Amino acid sequence: MIFTAHTVTTKIYKQMRTKSLFLAAAALAVGIASSSAQGVYSQNVVGYINLTLSEGFNMVSGQLDADGTGTNNTISSIFSTNLPAGSAVYVWNGTGFTISGFTAGKGGGAATWDSFGTTPLNPGIGCFVSIPAGAYGGATGTVTLVGNVLQGAVVNRAIPSGGGFAIIGSQVPVAGGMQTTLNYTPSIGDACYFYNPGAPFGIYSFGAVKGGSGGAWGPSEPQIAVGQGFWFFSATGAGWTNNFTVQ
């Protein structure tokens with residue numbers, strides 16, 4: 001597998017919508033499945049994602065949501081105080097990066113996010129996370145993200161409507177093929193670029209089939225890990241909707 005920047009584990013819990021507090025101690029693990037079900041759901045689903053980060057740059061995507069709307073997440077709310085002091089998050093804004101630093105206070109005080117910590121980082125948006133050298137003793141560290149799983153017709157709005165580059169990720173915490181498992185319908189000219197520390201990007205493109213109709217991924221269909229972010233070039237600006245239900 002080309003992607004080696006981090007590995008991820010997930011666990012999803014059921015929670016009754018009428019409850020105001022997470023009943024974590026009494027929750028039971030449940031499976032995840034895609035479906036075309038529509039309408040109002042009787043349950044909230046809360047869970048966590050463990051990201052294993054390396055010192056240096058990592059490319060990630062938060063897939064859990066603060067309040068079930070998919071719109072009120074920021075750098076500081078997603079990562080909270082779980083990153084080492086000296087870390088930074090880079091969010092692509094269409095022309096460059098908005099960078100927020102997590103910096104220790106004077107005299108060794110607790111680290112806090114700078115003013116750019118309010119930068120939106122909703123499910124479906126990817127980013128770079130920079131971990132300072134020595135933060136994990138030359139090894140790796142684990143960052144836990146907690147929140148609601150989005151359900152129903154989940155639309156990834158991080159893809160530019162007119163086409164072009166963006167850093168994205170799947171909005172649902174399921175690993176698999178971008179097209180066959182995660183329901184993206186590719187257009188000729190689409191391409192995915194997976195960050196591989198110390199090596200060239202792994203590139204997967206969707207091109208026309210010689211002498212035939214339609215297109216195909218080359219060298220193979222991109223496989224998206226849970227919590228993984230990647231550069232994506234959209235040739236047409238086509239949307240990505242995933243009908244998703246936790247069962």
# chains A, B, ... in the order shown; residues from 1 in each chain; ligands from 1

call {"tool": "residues_around", "arguments": {"residues": "segment 194-203 of chain A", "least_positions_apart": "2", "cutoff": "12 Å", "atoms": "only C-alpha atoms", "output": "number ranges by chain"}}
result
A: 1-6, 53-60, 126-130, 167-169, 190-192, 205-206, 217-225, 228-233

call {"tool": "write_last_selection", "arguments": {"atoms": "C-alpha atoms", "output": "short mmCIF file (atom, residue, chain, number, x, y, z; two decimals), in the first residue's frame"}}
result
data_model
loop_
_atom_site.label_atom_id
_atom_site.label_comp_id
_atom_site.auth_asym_id
_atom_site.auth_seq_id
_atom_site.Cartn_x
_atom_site.Cartn_y
_atom_site.Cartn_z
CA MET A 1 0.00 0.00 0.00
CA ILE A 2 1.49 3.34 -1.02
CA PHE A 3 0.17 5.29 1.96
CA THR A 4 2.46 4.90 4.96
CA ALA A 5 2.15 8.20 6.80
CA HIS A 6 -0.19 6.87 9.45
CA LEU A 53 1.29 10.21 13.21
CA SER A 54 4.99 10.39 12.38
CA GLU A 55 7.37 13.22 13.13
CA GLY A 56 7.35 15.54 10.12
CA PHE A 57 4.44 15.91 7.73
CA ASN A 58 1.35 13.70 7.69
CA MET A 59 -1.69 14.01 5.43
CA VAL A 60 -4.97 13.38 7.25
CA GLY A 126 -7.95 17.09 4.23
CA CYS A 127 -4.87 18.79 5.66
CA PHE A 128 -1.19 18.42 6.44
CA VAL A 129 -0.24 17.95 10.09
CA SER A 130 3.36 18.75 10.96
CA ILE A 167 -6.93 18.32 -0.26
CA ILE A 168 -9.79 16.01 0.61
CA GLY A 169 -10.73 12.75 2.32
CA ASP A 190 -9.41 13.03 -12.32
CA ALA A 191 -6.31 12.21 -10.29
CA CYS A 192 -5.36 11.38 -6.67
CA SER A 205 -5.44 8.86 -12.52
CA PHE A 206 -8.69 8.12 -14.31
CA TRP A 217 -8.07 4.04 -12.99
CA GLY A 218 -4.37 3.63 -13.53
CA PRO A 219 -2.30 1.95 -12.27
CA SER A 220 -5.27 0.80 -10.12
CA GLU A 221 -8.23 2.18 -8.22
CA PRO A 222 -7.08 4.41 -5.35
CA GLN A 223 -7.60 2.87 -1.92
CA ILE A 224 -8.57 5.35 0.81
CA ALA A 225 -7.76 4.62 4.44
CA GLN A 228 -6.47 9.67 5.27
CA GLY A 229 -6.13 12.93 3.38
CA PHE A 230 -4.84 13.29 -0.18
CA TRP A 231 -4.46 15.79 -2.98
CA PHE A 232 -7.25 15.44 -5.50
CA PHE A 233 -7.51 16.99 -8.96
#

call {"tool": "residues_around", "arguments": {"residues": "segment 156-160 of chain A", "least_positions_apart": "3", "cutoff": "7 Å", "atoms": "only C-alpha atoms", "output": "ChimeraX atom specification"}}
result
/A:124-125,163-164,166,168,171,237,239-241

call {"tool": "write_last_selection", "arguments": {"atoms": "C-alpha atoms", "output": "CSV table (one decimal), in the first residue's frame"}}
result
chain,number,residue,atom,x,y,z
A,124,GLY,CA,-14.3,15.8,3.8
A,125,ILE,CA,-11.5,18.4,4.0
A,163,GLY,CA,-12.7,21.6,-10.9
A,164,GLY,CA,-9.1,21.9,-9.8
A,166,ALA,CA,-8.1,20.4,-3.2
A,168,ILE,CA,-9.8,16.0,0.6
A,171,GLN,CA,-16.5,11.9,4.8
A,237,GLY,CA,-15.9,19.6,-10.4
A,239,GLY,CA,-19.6,16.1,-6.6
A,240,TRP,CA,-19.0,13.1,-4.3
A,241,THR,CA,-22.1,11.9,-2.5

call {"tool": "closest_residue", "arguments": {"among": "A:Ile49, A:Pro186, A:Thr95, A:Ala85", "to": "Gly108 of chain A", "atoms": "only C-alpha atoms"}}
result
A:Ala85

call {"tool": "closest_residue", "arguments": {"among": "A:Leu64, A:Ala238, A:Ala88, A:Val246", "to": "Ser161 of chain A", "atoms": "only C-alpha atoms"}}
result
A:Ala238

call {"tool": "residues_around", "arguments": {"residues": "segment 67-76 of chain A", "least_positions_apart": "4", "cutoff": "6 Å", "atoms": "only C-alpha atoms", "output": "ChimeraX atom specification"}}
result
/A:80,117-122,148

call {"tool": "write_last_selection", "arguments": {"atoms": "C-alpha atoms", "output": "short mmCIF file (atom, residue, chain, number, x, y, z; two decimals), in the first residue's frame"}}
result
data_model
loop_
_atom_site.label_atom_id
_atom_site.label_comp_id
_atom_site.auth_asym_id
_atom_site.auth_seq_id
_atom_site.Cartn_x
_atom_site.Cartn_y
_atom_site.Cartn_z
CA SER A 80 -8.06 19.98 20.65
CA GLY A 117 -7.11 27.66 14.91
CA THR A 118 -10.62 28.78 13.97
CA THR A 119 -9.99 27.78 10.32
CA PRO A 120 -12.81 25.43 9.16
CA LEU A 121 -11.86 21.76 8.99
CA ASN A 122 -15.12 19.96 8.30
CA ASN A 148 -20.46 12.09 15.40
#

call {"tool": "atom_distance", "arguments": {"atom1": "atom CA of Ile99 of chain A", "atom2": "atom CA of Ser61 of chain A"}}
result
15.5 Å

call {"tool": "select_by_dssp", "arguments": {"residues": "segment 23-199 of chain A", "states": "strand (DSSP E or B)", "output": "ChimeraX atom specification"}}
result
/A:29,32-34,43-54,56-61,65,74,87-92,97-105,109-113,120,125-131,140-148,152-155,164-168,176-177,191-194

call {"tool": "select_by_dssp", "arguments": {"residues": "segment 4-223 of chain A", "states": "alpha helix (DSSP H)", "output": "mmCIF file with N, CA, C and O atoms, in the first residue's frame"}}
result
data_model
loop_
_atom_site.group_PDB
_atom_site.id
_atom_site.type_symbol
_atom_site.label_atom_id
_atom_site.label_comp_id
_atom_site.auth_asym_id
_atom_site.auth_seq_id
_atom_site.Cartn_x
_atom_site.Cartn_y
_atom_site.Cartn_z
ATOM 1 N N ILE A 75 -9.911 23.659 13.129
ATOM 2 C CA ILE A 75 -8.643 23.006 13.472
ATOM 3 C C ILE A 75 -8.576 22.738 14.969
ATOM 4 O O ILE A 75 -8.271 21.631 15.410
ATOM 5 N N SER A 76 -8.871 23.763 15.774
ATOM 6 C CA SER A 76 -8.723 23.607 17.230
ATOM 7 C C SER A 76 -9.751 22.650 17.812
ATOM 8 O O SER A 76 -9.456 21.927 18.774
ATOM 9 N N SER A 77 -10.980 22.606 17.252
ATOM 10 C CA SER A 77 -11.979 21.695 17.808
ATOM 11 C C SER A 77 -11.704 20.251 17.403
ATOM 12 O O SER A 77 -11.998 19.324 18.163
ATOM 13 N N ILE A 78 -11.137 20.044 16.225
ATOM 14 C CA ILE A 78 -10.831 18.683 15.775
ATOM 15 C C ILE A 78 -9.665 18.094 16.559
ATOM 16 O O ILE A 78 -9.724 16.969 17.071
ATOM 17 N N PHE A 79 -8.568 18.847 16.666
ATOM 18 C CA PHE A 79 -7.352 18.308 17.284
ATOM 19 C C PHE A 79 -7.248 18.637 18.761
ATOM 20 O O PHE A 79 -6.423 18.029 19.468
#

call {"tool": "residues_around", "arguments": {"residues": "Gly101 of chain A", "least_positions_apart": "5", "cutoff": "8 Å", "atoms": "only C-alpha atoms", "output": "short mmCIF file (atom, residue, chain, number, x, y, z; two decimals) with all heavy atoms, in the first residue's frame"}}
result
data_model
loop_
_atom_site.label_atom_id
_atom_site.label_comp_id
_atom_site.auth_asym_id
_atom_site.auth_seq_id
_atom_site.Cartn_x
_atom_site.Cartn_y
_atom_site.Cartn_z
N GLY A 86 4.34 22.74 19.35
CA GLY A 86 5.20 22.95 18.19
C GLY A 86 4.64 22.36 16.91
O GLY A 86 5.22 22.53 15.84
N SER A 87 3.50 21.68 17.02
CA SER A 87 2.85 21.12 15.83
C SER A 87 2.17 22.24 15.04
O SER A 87 1.92 23.34 15.56
CB SER A 87 1.80 20.08 16.22
OG SER A 87 2.39 18.98 16.89
N ALA A 88 1.85 21.96 13.78
CA ALA A 88 1.14 22.93 12.94
C ALA A 88 0.23 22.18 11.98
O ALA A 88 0.53 21.05 11.59
CB ALA A 88 2.11 23.82 12.18
N VAL A 89 -0.88 22.81 11.62
CA VAL A 89 -1.82 22.23 10.67
C VAL A 89 -1.93 23.16 9.46
O VAL A 89 -2.10 24.37 9.61
CB VAL A 89 -3.21 22.03 11.31
CG1 VAL A 89 -4.23 21.56 10.28
CG2 VAL A 89 -3.12 21.03 12.46
N TRP A 113 -3.69 26.99 20.51
CA TRP A 113 -3.74 27.29 19.09
C TRP A 113 -3.71 28.80 18.88
O TRP A 113 -4.26 29.56 19.68
CB TRP A 113 -5.02 26.72 18.47
CG TRP A 113 -5.01 25.22 18.42
CD1 TRP A 113 -5.63 24.36 19.28
CD2 TRP A 113 -4.34 24.42 17.45
NE1 TRP A 113 -5.38 23.06 18.91
CE2 TRP A 113 -4.59 23.06 17.79
CE3 TRP A 113 -3.55 24.70 16.34
CZ2 TRP A 113 -4.07 22.00 17.05
CZ3 TRP A 113 -3.03 23.64 15.60
CH2 TRP A 113 -3.30 22.30 15.96
N ASP A 114 -3.07 29.23 17.80
CA ASP A 114 -3.07 30.65 17.47
C ASP A 114 -4.42 31.04 16.87
O ASP A 114 -5.36 30.23 16.83
CB ASP A 114 -1.92 30.99 16.53
CG ASP A 114 -1.98 30.24 15.20
OD1 ASP A 114 -3.07 29.78 14.81
OD2 ASP A 114 -0.93 30.12 14.54
N PHE A 116 -5.45 31.32 13.95
CA PHE A 116 -5.88 30.55 12.78
C PHE A 116 -6.45 29.18 13.16
O PHE A 116 -6.86 28.42 12.30
CB PHE A 116 -4.73 30.40 11.79
CG PHE A 116 -4.31 31.69 11.16
CD1 PHE A 116 -3.14 32.32 11.57
CD2 PHE A 116 -5.09 32.30 10.19
CE1 PHE A 116 -2.74 33.52 11.00
CE2 PHE A 116 -4.71 33.50 9.62
CZ PHE A 116 -3.53 34.12 10.03
N GLY A 117 -6.49 28.90 14.45
CA GLY A 117 -7.11 27.66 14.91
C GLY A 117 -8.60 27.61 14.64
O GLY A 117 -9.21 26.53 14.71
#

call {"tool": "closest_residue", "arguments": {"among": "A:Gly141, A:Gly215, A:Pro173, A:Gly162", "to": "Ile188 of chain A", "atoms": "only C-alpha atoms"}}
result
A:Gly215

call {"tool": "residues_around", "arguments": {"residues": "Thr142 of chain A", "least_positions_apart": "2", "cutoff": "10 Å", "atoms": "only C-alpha atoms", "output": "mmCIF file with N, CA and C atoms, in the first residue's frame"}}
result
data_model
loop_
_atom_site.group_PDB
_atom_site.id
_atom_site.type_symbol
_atom_site.label_atom_id
_atom_site.label_comp_id
_atom_site.auth_asym_id
_atom_site.auth_seq_id
_atom_site.Cartn_x
_atom_site.Cartn_y
_atom_site.Cartn_z
ATOM 1 N N HIS A 6 0.418 7.212 8.178
ATOM 2 C CA HIS A 6 -0.192 6.867 9.455
ATOM 3 C C HIS A 6 -1.151 5.714 9.246
ATOM 4 N N THR A 7 -1.406 5.028 10.331
ATOM 5 C CA THR A 7 -2.417 3.980 10.298
ATOM 6 C C THR A 7 -3.549 4.398 11.207
ATOM 7 N N VAL A 8 -4.701 3.787 11.029
ATOM 8 C CA VAL A 8 -5.892 4.249 11.733
ATOM 9 C C VAL A 8 -6.698 3.077 12.244
ATOM 10 N N ILE A 49 -11.545 7.941 16.142
ATOM 11 C CA ILE A 49 -10.555 7.507 15.163
ATOM 12 C C ILE A 49 -9.180 7.730 15.774
ATOM 13 N N ASN A 50 -8.352 6.713 15.784
ATOM 14 C CA ASN A 50 -6.977 6.847 16.242
ATOM 15 C C ASN A 50 -6.058 7.025 15.039
ATOM 16 N N LEU A 51 -5.435 8.200 14.948
ATOM 17 C CA LEU A 51 -4.454 8.466 13.898
ATOM 18 C C LEU A 51 -3.056 8.232 14.454
ATOM 19 N N THR A 52 -2.278 7.424 13.790
ATOM 20 C CA THR A 52 -0.882 7.232 14.166
ATOM 21 C C THR A 52 -0.033 8.152 13.300
ATOM 22 N N LEU A 53 0.558 9.171 13.926
ATOM 23 C CA LEU A 53 1.293 10.207 13.206
ATOM 24 C C LEU A 53 2.791 10.040 13.386
ATOM 25 N N SER A 54 3.530 10.400 12.338
ATOM 26 C CA SER A 54 4.992 10.389 12.375
ATOM 27 C C SER A 54 5.507 11.806 12.589
ATOM 28 N N ASN A 82 -4.488 17.620 21.629
ATOM 29 C CA ASN A 82 -3.922 16.275 21.492
ATOM 30 C C ASN A 82 -2.623 16.201 20.704
ATOM 31 N N LEU A 83 -2.213 17.306 20.083
ATOM 32 C CA LEU A 83 -0.955 17.303 19.338
ATOM 33 C C LEU A 83 0.183 17.819 20.218
ATOM 34 N N TYR A 136 7.999 12.572 19.349
ATOM 35 C CA TYR A 136 7.645 11.184 19.652
ATOM 36 C C TYR A 136 8.886 10.316 19.850
ATOM 37 N N THR A 140 6.521 7.091 16.579
ATOM 38 C CA THR A 140 5.223 7.629 16.168
ATOM 39 C C THR A 140 4.391 7.919 17.412
ATOM 40 N N THR A 144 -6.191 10.907 18.984
ATOM 41 C CA THR A 144 -7.561 10.402 18.938
ATOM 42 C C THR A 144 -8.522 11.522 18.606
ATOM 43 N N LEU A 145 -9.326 11.312 17.548
ATOM 44 C CA LEU A 145 -10.375 12.247 17.156
ATOM 45 C C LEU A 145 -11.715 11.655 17.560
#
